[in-house]
Amino acid sequence: MSRYRTAMTDPADEARTIAADIETLRQMGYRQELVRGMSGFSNYAVSLSIICILAGGVTSFHQGLCSVGGAAIGLGWPAASLLALAFAATMGHVASAFPTAGGLYHWASILGDRGWGWVTAWFNLAGLVTVIAAVNVGAYQFTFQALAPWLGYDPESLSEPTRLALQAGVVAAITASQAVLNHLGIRATTRLTDFSGYWILLIAGGLTLALLLCASHLDFGRLVTFSNYSGQPHNSEVWPETSNLPWLFALGFILPLYTITGFDASAHTAEETVGAAHHVPRAIIRSVVVSAVIGWVMLAAIVLAIPNMDEAAAQGANVFHWIIRSVLPPWLVLCFVLGIAIAQYVCGLATVTSASRMAYAFARDGGLPWSRALARVSPRYGSPAIAIWVTSALSVAFTIYTPIYSTLVSVCVILLYLSYGLPTLLGLLAYGRSWTAMGPWSLGRWYQPLAVVCLFGCGFLVLIGIQPPNEMALWIVLGSCGVTAAVWFGVMRHRFQGPPQTLLSVHRRSAGNPIERVTAPTLPGE
């Protein structure tokens with residue numbers, strides 16, 4: 001807890017805040033089982049580490065550039081970032097009122113009912129598991145492709161079965177190491193995600209500066225220029241040929257919306273954060289704003305440094321590597337590649353943290369098979385050990401079932417934003433009716449219009465996420481919906497009780513009785 005103490009004027013203030021957090025949790029029907037030792041910065045860093053502009057922003061760069069060229073970055077990135085910010089703002093509004101692990105699941109249960117909570121939990125957990133898969137596959141492919149010239153071989157020379165087997169083995173090893181670090185407890189994970197918060201900004205800033213200094217010329221007009229790069233020989237697997245430029249521009253939103261996701265991690269670690277009702281919403285908003293701005297500057301610098309736009313777009317998925325090799329000296333390329341690889345590894349690590357807390361919170365209320373085991377907390381490390389290993393194993397299994405990176409990206413974007421959209425819809429319907437008491441961080445009258453924007457954005461994301469060549473994402477999502485419906489109506493409707501009744505009774509009252517609200521004391525300096 002020493003990290004939090006640096007922000008407090010008196011250690012007694014920290015103790016009182018933690019006591020208030022524990023009391024808030026108790027009134028929601030839960031005991032404090034996880035170790036509450038994360039500072040506000042650490043809570044922010046875990047979301048910043050999962051968003052990680054050096055992961056999605058780099059590994060999915062081709063999905064933006066190979067759509068409409070520079071305009072996908074100059075115009076598409078900020079537009080999509082505003083949509084992500086709307087989701088983050090509405091999420092922060094609700095998170096301040098209900099600061100528990102597995103936040104989205106509880107929010108949907110409180111604002112709707114146990115059925116909505118169960119569906120939200122399944123979508124969110126499935127989305128987080130697929131994010132682990134996408135991040136670690138992306139990290140493997142990025143590093144494998146980047147180091148190939150130094151190792152003296154051509155990745156294209158490998159047969160497809162060999163390539164897939166190698167990918168599965170390395171991704172399994174990466175994920176296992178991330179699970180080990182999570183198993184050791186939140187303090188070990190926090191140290192790495194705190195480091196990652198600074199590391200991401202350092203590497204992104206260094207890459208931006210190096211590209212701008214080494215570029216042969218800077219044509220800022222590229223950032224607003226639309227070019228149709230669909231269907232070219234080497235990037236037809238990115239986007240098939242189409243003459244509809246506005247639609248192609250919309251498809252490029254996959255790049256920013258995949259990158260700027262996972263910010264619900266701050267909510268999932270609420271029970272491990274000191275002053276959660278205050279710090280969690282701020283962390284969610286801050287992680288999105290910082291990632292959006294720094295990511296835009298970095299990706300714009302990459303576009304500006306390109307020697308030839310047409311030649312770059314023809315590289316397809318290899319475009320980022322082609323750009324930095326064309327512009328930067330080899331030794332500097334190697335330095336940045338290693339720096340990016342480290343950031344991508346910690347991104348996967350933080351995602352395991354988020355997914356395991358979601359599984360723990362859901363299992364704690366009996367929402368998963370073998371819930372009693374999944375909800376068990378290690379007495380030695382204070383971490384949900386079994387949930388950590390199960391979510392990690394499921395992510396590896398998914399990479400074997402769907403080894404294609406772009407499909408993994410589409411599936412996780414759709415599932416995660418659906419899980420964001422459900423409590424947003426329920427909050428919109430309940431706002432001012434059954435839900436009248438807000439947390440200490442509130443959007444006020446802006447909550448409702450932003451919630452409407454998020455709901456339209458959710459439909460838009462589903463639409464672009466299932467387009468060729470990622471049409472397999474449609475069947476995976478439909479299959480998930482079918483299985484979810486079958487399990488709920490066939491089994492869980494009769495067994496699943498939802499969050500403790502104390503949680504529901506504290507926050508859901510009849511219209512004639514005001515909703516009670518428990519809040520932590522105001523922190524010094526706020």
# chains A, B, ... in the order shown; residues from 1 in each chain; ligands from 1
$ closest_atom_pairs --of "range 105-171 of chain A" --to "range 403-422 of chain A" --cutoff "9 Å" --atoms "only C-alpha atoms" --output "JSON lines"
{"residue": "A:Tyr105", "atom": "CA", "partner": "A:Ser419", "partner_atom": "CA", "distance": 8.5}
{"residue": "A:Ala108", "atom": "CA", "partner": "A:Leu422", "partner_atom": "CA", "distance": 6.9}
{"residue": "A:Trp116", "atom": "CA", "partner": "A:Leu422", "partner_atom": "CA", "distance": 7.7}
{"residue": "A:Gly117", "atom": "CA", "partner": "A:Leu422", "partner_atom": "CA", "distance": 8.8}
{"residue": "A:Val119", "atom": "CA", "partner": "A:Ser419", "partner_atom": "CA", "distance": 8.3}
{"residue": "A:Thr120", "atom": "CA", "partner": "A:Ser419", "partner_atom": "CA", "distance": 5.1}
{"residue": "A:Ala121", "atom": "CA", "partner": "A:Ser419", "partner_atom": "CA", "distance": 7.3}
{"residue": "A:Trp122", "atom": "CA", "partner": "A:Ser419", "partner_atom": "CA", "distance": 8.2}
{"residue": "A:Phe123", "atom": "CA", "partner": "A:Ser419", "partner_atom": "CA", "distance": 5.4}
{"residue": "A:Asn124", "atom": "CA", "partner": "A:Ser419", "partner_atom": "CA", "distance": 5.0}
{"residue": "A:Leu125", "atom": "CA", "partner": "A:Leu416", "partner_atom": "CA", "distance": 8.3}
{"residue": "A:Ala126", "atom": "CA", "partner": "A:Leu415", "partner_atom": "CA", "distance": 6.9}
{"residue": "A:Gly127", "atom": "CA", "partner": "A:Leu416", "partner_atom": "CA", "distance": 4.7}
{"residue": "A:Leu128", "atom": "CA", "partner": "A:Leu416", "partner_atom": "CA", "distance": 7.0}
{"residue": "A:Val129", "atom": "CA", "partner": "A:Cys412", "partner_atom": "CA", "distance": 8.1}
{"residue": "A:Thr130", "atom": "CA", "partner": "A:Cys412", "partner_atom": "CA", "distance": 5.3}
{"residue": "A:Val131", "atom": "CA", "partner": "A:Cys412", "partner_atom": "CA", "distance": 5.5}
{"residue": "A:Ala133", "atom": "CA", "partner": "A:Leu408", "partner_atom": "CA", "distance": 7.1}
{"residue": "A:Ala134", "atom": "CA", "partner": "A:Leu408", "partner_atom": "CA", "distance": 5.3}
{"residue": "A:Val135", "atom": "CA", "partner": "A:Val409", "partner_atom": "CA", "distance": 8.6}
{"residue": "A:Val137", "atom": "CA", "partner": "A:Tyr405", "partner_atom": "CA", "distance": 6.7}
{"residue": "A:Gly138", "atom": "CA", "partner": "A:Tyr405", "partner_atom": "CA", "distance": 6.6}
{"residue": "A:Gln141", "atom": "CA", "partner": "A:Tyr405", "partner_atom": "CA", "distance": 8.8}
{"residue": "A:Leu164", "atom": "CA", "partner": "A:Pro403", "partner_atom": "CA", "distance": 7.3}
{"residue": "A:Gln167", "atom": "CA", "partner": "A:Pro403", "partner_atom": "CA", "distance": 8.4}
{"residue": "A:Ala168", "atom": "CA", "partner": "A:Pro403", "partner_atom": "CA", "distance": 8.2}
$ write_last_selection --atoms "C-alpha atoms" --output "short mmCIF file (atom, residue, chain, number, x, y, z; two decimals), in the first residue's frame"
data_model
loop_
_atom_site.label_atom_id
_atom_site.label_comp_id
_atom_site.auth_asym_id
_atom_site.auth_seq_id
_atom_site.Cartn_x
_atom_site.Cartn_y
_atom_site.Cartn_z
CA TYR A 105 -21.87 -7.87 -14.56
CA ALA A 108 -26.35 -5.01 -15.47
CA TRP A 116 -29.20 -9.30 -17.94
CA GLY A 117 -26.30 -9.54 -15.52
CA VAL A 119 -25.64 -12.34 -20.24
CA THR A 120 -23.39 -9.31 -19.75
CA ALA A 121 -20.96 -11.40 -17.72
CA TRP A 122 -20.71 -14.06 -20.41
CA PHE A 123 -20.10 -11.53 -23.17
CA ASN A 124 -17.55 -9.63 -21.11
CA LEU A 125 -15.69 -12.74 -19.99
CA ALA A 126 -15.66 -14.17 -23.52
CA GLY A 127 -14.45 -10.81 -24.83
CA LEU A 128 -11.62 -10.63 -22.31
CA VAL A 129 -10.53 -14.20 -23.05
CA THR A 130 -10.40 -13.40 -26.77
CA VAL A 131 -8.48 -10.19 -26.02
CA ALA A 133 -5.71 -14.46 -27.41
CA ALA A 134 -5.55 -11.51 -29.83
CA VAL A 135 -2.88 -9.64 -27.86
CA VAL A 137 -1.01 -13.82 -31.08
CA GLY A 138 -0.37 -10.26 -32.25
CA GLN A 141 3.48 -12.43 -35.00
CA LEU A 164 0.49 -22.68 -36.85
CA GLN A 167 2.47 -20.02 -33.11
CA ALA A 168 0.40 -22.21 -30.77
#
$ closest_atom_pairs --of "range 370-401 of chain A" --to "range 336-350 of chain A" --cutoff "12 Å" --atoms "only C-alpha atoms" --output "JSON lines"
{"residue": "A:Ile388", "atom": "CA", "partner": "A:Leu349", "partner_atom": "CA", "distance": 10.6}
{"residue": "A:Thr391", "atom": "CA", "partner": "A:Leu349", "partner_atom": "CA", "distance": 12.0}
{"residue": "A:Ser392", "atom": "CA", "partner": "A:Leu349", "partner_atom": "CA", "distance": 10.0}
{"residue": "A:Ser395", "atom": "CA", "partner": "A:Gly348", "partner_atom": "CA", "distance": 10.8}
$ atom_distance --atom1 "CA of His494 in chain A" --atom2 "CA of Arg114 in chain A"
11.2 Å
$ closest_residue --among "A:Leu85, A:Ile186, A:Ile132, A:Ala393" --to "Val46 in chain A" --atoms "only C-alpha atoms"
A:Ile186
$ atom_distance --atom1 "CA of Val224 in chain A" --atom2 "CA of Leu245 in chain A"
13.4 Å
$ atom_distance --atom1 "CA of Trp322 in chain A" --atom2 "CA of Ile174 in chain A"
25.6 Å
$ residues_around --residues "Leu374 in chain A" --least-positions-apart "6" --cutoff "12 Å" --atoms "only C-alpha atoms" --output "list in words"
Ser356, Arg357, Met358, Ala359, Tyr360, Ala361, Phe362, Ala363, Arg364, Asp365, Gly366, Gly367, Leu368, Ser383, Pro384, Ala385, Ile386, Ala387, Ile388, Trp389, Val390 and Thr391 of chain A
$ residues_around --residues "range 262-267 of chain A" --least-positions-apart "5" --cutoff "8 Å" --atoms "only C-alpha atoms" --output "number ranges by chain"
A: 43-44, 46-48, 50-51, 88, 91, 95, 99-104, 128, 280-281, 283-284, 287-288, 351, 353-354, 416
$ write_last_selection --atoms "C-alpha atoms" --output "PDB file, in the first residue's frame"
ATOM      1  CA  ASN A  43      -5.599   1.370 -11.388  1.00  0.00           C
ATOM      2  CA  TYR A  44      -5.084   3.752 -14.321  1.00  0.00           C
ATOM      3  CA  VAL A  46      -3.660  -1.439 -15.675  1.00  0.00           C
ATOM      4  CA  SER A  47      -6.140  -0.021 -18.237  1.00  0.00           C
ATOM      5  CA  LEU A  48      -3.396   1.917 -20.024  1.00  0.00           C
ATOM      6  CA  ILE A  50      -4.324  -3.244 -21.752  1.00  0.00           C
ATOM      7  CA  ILE A  51      -5.180  -0.489 -24.240  1.00  0.00           C
ATOM      8  CA  ALA A  88     -15.488   5.194 -21.101  1.00  0.00           C
ATOM      9  CA  MET A  91     -18.741   3.316 -17.787  1.00  0.00           C
ATOM     10  CA  ALA A  95     -18.418   2.393 -11.890  1.00  0.00           C
ATOM     11  CA  PRO A  99     -17.234  -0.178  -7.329  1.00  0.00           C
ATOM     12  CA  THR A 100     -16.952  -3.992  -7.415  1.00  0.00           C
ATOM     13  CA  ALA A 101     -14.794  -6.519  -9.261  1.00  0.00           C
ATOM     14  CA  GLY A 102     -16.553  -7.788 -12.369  1.00  0.00           C
ATOM     15  CA  GLY A 103     -18.152  -4.364 -12.609  1.00  0.00           C
ATOM     16  CA  LEU A 104     -20.179  -4.714 -15.804  1.00  0.00           C
ATOM     17  CA  LEU A 128     -11.624 -10.634 -22.309  1.00  0.00           C
ATOM     18  CA  VAL A 280     -11.783   3.980 -10.881  1.00  0.00           C
ATOM     19  CA  PRO A 281     -13.847   6.361 -13.086  1.00  0.00           C
ATOM     20  CA  ALA A 283      -8.622   5.950 -14.329  1.00  0.00           C
ATOM     21  CA  ILE A 284     -11.006   4.762 -17.050  1.00  0.00           C
ATOM     22  CA  SER A 287      -6.449   5.835 -19.854  1.00  0.00           C
ATOM     23  CA  VAL A 288      -8.663   6.414 -22.905  1.00  0.00           C
ATOM     24  CA  THR A 351      -5.483  -8.576 -19.718  1.00  0.00           C
ATOM     25  CA  THR A 353      -5.484  -9.772 -14.611  1.00  0.00           C
ATOM     26  CA  SER A 354      -8.725  -8.247 -15.897  1.00  0.00           C
ATOM     27  CA  LEU A 416     -16.379  -6.531 -25.439  1.00  0.00           C
TER      28      LEU A 416
END
$ residues_around --residues "Pro468 in chain A" --least-positions-apart "6" --cutoff "10 Å" --atoms "only C-alpha atoms" --output "PDB file with C-alpha atoms, in the first residue's frame"
ATOM      1  CA  GLU A 237      -6.573 -10.338 -47.116  1.00  0.00           C
ATOM      2  CA  VAL A 238      -6.806  -7.086 -45.152  1.00  0.00           C
ATOM      3  CA  TRP A 239      -9.819  -5.641 -47.021  1.00  0.00           C
ATOM      4  CA  PRO A 240     -11.293  -7.160 -50.206  1.00  0.00           C
ATOM      5  CA  THR A 407     -10.636 -12.601 -36.824  1.00  0.00           C
ATOM      6  CA  LEU A 474     -20.236 -13.433 -37.364  1.00  0.00           C
TER       7      LEU A 474
END
$ residues_around --residues "range 66-80 of chain A" --least-positions-apart "6" --cutoff "6 Å" --atoms "only C-alpha atoms" --output "PyMOL selection string"
chain A and resi 222-230+248-249+252+256+313
$ write_last_selection --atoms "N, CA and C atoms" --output "compact mmCIF listing (two decimals), in the first residue's frame"
# COMPACT_ATOMS: atom_id res chain seq x y z
N ARG A 222 -1.21 14.09 -46.25
CA ARG A 222 -1.52 12.66 -46.25
C ARG A 222 -2.56 12.30 -45.20
N LEU A 223 -2.56 13.01 -44.09
CA LEU A 223 -3.43 12.66 -42.97
C LEU A 223 -4.90 12.95 -43.24
N VAL A 224 -5.19 13.65 -44.32
CA VAL A 224 -6.59 13.92 -44.69
C VAL A 224 -6.88 13.47 -46.11
N THR A 225 -5.97 12.70 -46.70
CA THR A 225 -6.14 12.24 -48.08
C THR A 225 -6.73 10.84 -48.11
N PHE A 226 -7.80 10.66 -48.88
CA PHE A 226 -8.45 9.37 -49.02
C PHE A 226 -7.92 8.65 -50.27
N SER A 227 -7.49 7.43 -50.11
CA SER A 227 -7.05 6.59 -51.23
C SER A 227 -7.67 5.22 -51.06
N ASN A 228 -8.08 4.62 -52.15
CA ASN A 228 -8.68 3.28 -52.08
C ASN A 228 -7.59 2.22 -52.22
N TYR A 229 -7.21 1.60 -51.09
CA TYR A 229 -6.16 0.58 -51.11
C TYR A 229 -6.72 -0.83 -50.92
N SER A 230 -8.02 -0.98 -51.09
CA SER A 230 -8.61 -2.31 -50.91
C SER A 230 -8.28 -3.21 -52.10
N LEU A 248 -15.30 1.89 -46.78
CA LEU A 248 -13.93 1.47 -46.53
C LEU A 248 -13.34 2.27 -45.37
N PHE A 249 -13.67 3.56 -45.32
CA PHE A 249 -13.23 4.41 -44.21
C PHE A 249 -13.79 3.89 -42.89
N GLY A 252 -11.98 0.89 -41.49
CA GLY A 252 -10.71 1.22 -40.87
C GLY A 252 -10.83 1.56 -39.39
N PRO A 256 -8.56 1.75 -34.45
CA PRO A 256 -8.63 2.46 -33.17
C PRO A 256 -9.54 1.79 -32.15
N ALA A 313 1.20 0.67 -48.80
CA ALA A 313 -0.09 -0.02 -48.73
C ALA A 313 -0.03 -1.39 -49.38
$ closest_residue --among "A:Met492, A:Ala451, A:Cys481, A:Ile53" --to "Gly197 in chain A" --atoms "only C-alpha atoms"
A:Ile53
$ closest_residue --among "A:Leu181, A:Met438, A:Ala250, A:Val170" --to "Val396 in chain A" --atoms "only C-alpha atoms"
A:Val170
$ residues_around --residues "Phe61 in chain A" --least-positions-apart "5" --cutoff "8 Å" --atoms "only C-alpha atoms" --output "count of residues only"
4
$ decode --residues "range 361-399 of chain A" --atoms "N, CA and C atoms" --output "short mmCIF file (atom, residue, chain, number, x, y, z; two decimals), in the first residue's frame"
data_model
loop_
_atom_site.label_atom_id
_atom_site.label_comp_id
_atom_site.auth_asym_id
_atom_site.auth_seq_id
_atom_site.Cartn_x
_atom_site.Cartn_y
_atom_site.Cartn_z
N ALA A 361 -15.31 -12.79 -9.98
CA ALA A 361 -16.52 -12.11 -9.52
C ALA A 361 -17.77 -12.85 -9.96
N PHE A 362 -17.76 -13.36 -11.18
CA PHE A 362 -18.91 -14.09 -11.72
C PHE A 362 -19.07 -15.42 -10.99
N ALA A 363 -17.95 -16.12 -10.77
CA ALA A 363 -18.00 -17.42 -10.09
C ALA A 363 -18.41 -17.25 -8.62
N ARG A 364 -18.03 -16.14 -8.01
CA ARG A 364 -18.38 -15.87 -6.62
C ARG A 364 -19.89 -15.91 -6.40
N ASP A 365 -20.64 -15.56 -7.45
CA ASP A 365 -22.10 -15.57 -7.37
C ASP A 365 -22.71 -16.80 -8.04
N GLY A 366 -21.86 -17.79 -8.38
CA GLY A 366 -22.38 -19.04 -8.94
C GLY A 366 -22.75 -19.00 -10.40
N GLY A 367 -22.16 -18.08 -11.17
CA GLY A 367 -22.54 -17.93 -12.57
C GLY A 367 -21.80 -18.80 -13.55
N LEU A 368 -20.77 -19.54 -13.09
CA LEU A 368 -19.95 -20.36 -13.98
C LEU A 368 -19.95 -21.81 -13.54
N PRO A 369 -19.66 -22.74 -14.46
CA PRO A 369 -19.44 -24.13 -14.03
C PRO A 369 -18.27 -24.18 -13.06
N TRP A 370 -18.35 -25.03 -12.07
CA TRP A 370 -17.29 -25.17 -11.05
C TRP A 370 -16.99 -23.83 -10.39
N SER A 371 -18.06 -23.11 -10.08
CA SER A 371 -17.90 -21.75 -9.52
C SER A 371 -17.13 -21.76 -8.20
N ARG A 372 -17.37 -22.77 -7.37
CA ARG A 372 -16.72 -22.77 -6.06
C ARG A 372 -15.20 -22.76 -6.21
N ALA A 373 -14.70 -23.53 -7.16
CA ALA A 373 -13.24 -23.57 -7.37
C ALA A 373 -12.74 -22.27 -7.99
N LEU A 374 -13.48 -21.75 -8.98
CA LEU A 374 -13.05 -20.54 -9.67
C LEU A 374 -13.06 -19.31 -8.76
N ALA A 375 -13.89 -19.34 -7.74
CA ALA A 375 -13.98 -18.21 -6.82
C ALA A 375 -12.98 -18.32 -5.66
N ARG A 376 -12.17 -19.35 -5.68
CA ARG A 376 -11.23 -19.55 -4.58
C ARG A 376 -10.06 -18.57 -4.70
N VAL A 377 -9.69 -17.96 -3.59
CA VAL A 377 -8.58 -17.01 -3.54
C VAL A 377 -7.39 -17.68 -2.85
N SER A 378 -6.23 -17.57 -3.46
CA SER A 378 -5.02 -18.16 -2.88
C SER A 378 -4.75 -17.54 -1.51
N PRO A 379 -4.68 -18.35 -0.45
CA PRO A 379 -4.41 -17.78 0.88
C PRO A 379 -3.02 -17.19 0.99
N ARG A 380 -2.10 -17.66 0.16
CA ARG A 380 -0.72 -17.17 0.23
C ARG A 380 -0.54 -15.88 -0.55
N TYR A 381 -1.12 -15.81 -1.76
CA TYR A 381 -0.87 -14.66 -2.64
C TYR A 381 -2.04 -13.69 -2.73
N GLY A 382 -3.22 -14.07 -2.24
CA GLY A 382 -4.37 -13.18 -2.31
C GLY A 382 -4.86 -12.95 -3.72
N SER A 383 -4.62 -13.91 -4.62
CA SER A 383 -5.05 -13.80 -6.02
C SER A 383 -6.03 -14.93 -6.35
N PRO A 384 -6.95 -14.70 -7.32
CA PRO A 384 -7.88 -15.76 -7.73
C PRO A 384 -7.16 -16.75 -8.64
N ALA A 385 -6.36 -17.63 -8.04
CA ALA A 385 -5.40 -18.44 -8.79
C ALA A 385 -6.05 -19.33 -9.84
N ILE A 386 -7.10 -20.05 -9.45
CA ILE A 386 -7.72 -20.97 -10.41
C ILE A 386 -8.36 -20.20 -11.57
N ALA A 387 -9.00 -19.07 -11.27
CA ALA A 387 -9.58 -18.25 -12.34
C ALA A 387 -8.50 -17.75 -13.30
N ILE A 388 -7.34 -17.44 -12.76
CA ILE A 388 -6.22 -16.99 -13.61
C ILE A 388 -5.83 -18.06 -14.60
N TRP A 389 -5.65 -19.29 -14.12
CA TRP A 389 -5.19 -20.36 -15.00
C TRP A 389 -6.26 -20.82 -15.98
N VAL A 390 -7.52 -20.81 -15.55
CA VAL A 390 -8.59 -21.25 -16.46
C VAL A 390 -8.79 -20.24 -17.59
N THR A 391 -8.83 -18.94 -17.29
CA THR A 391 -9.00 -17.94 -18.36
C THR A 391 -7.81 -17.95 -19.31
N SER A 392 -6.61 -18.17 -18.77
CA SER A 392 -5.42 -18.24 -19.63
C SER A 392 -5.48 -19.44 -20.55
N ALA A 393 -5.88 -20.60 -20.01
CA ALA A 393 -5.97 -21.81 -20.82
C ALA A 393 -7.03 -21.67 -21.91
N LEU A 394 -8.16 -21.05 -21.58
CA LEU A 394 -9.21 -20.85 -22.58
C LEU A 394 -8.74 -19.95 -23.71
N SER A 395 -7.94 -18.94 -23.38
CA SER A 395 -7.45 -18.04 -24.43
C SER A 395 -6.53 -18.78 -25.40
N VAL A 396 -5.69 -19.66 -24.87
CA VAL A 396 -4.80 -20.45 -25.73
C VAL A 396 -5.63 -21.38 -26.61
N ALA A 397 -6.65 -22.01 -26.04
CA ALA A 397 -7.51 -22.90 -26.82
C ALA A 397 -8.19 -22.14 -27.95
N PHE A 398 -8.58 -20.88 -27.69
CA PHE A 398 -9.24 -20.10 -28.73
C PHE A 398 -8.28 -19.76 -29.87
N THR A 399 -7.01 -19.54 -29.56
CA THR A 399 -6.05 -19.25 -30.62
C THR A 399 -5.83 -20.47 -31.51
#
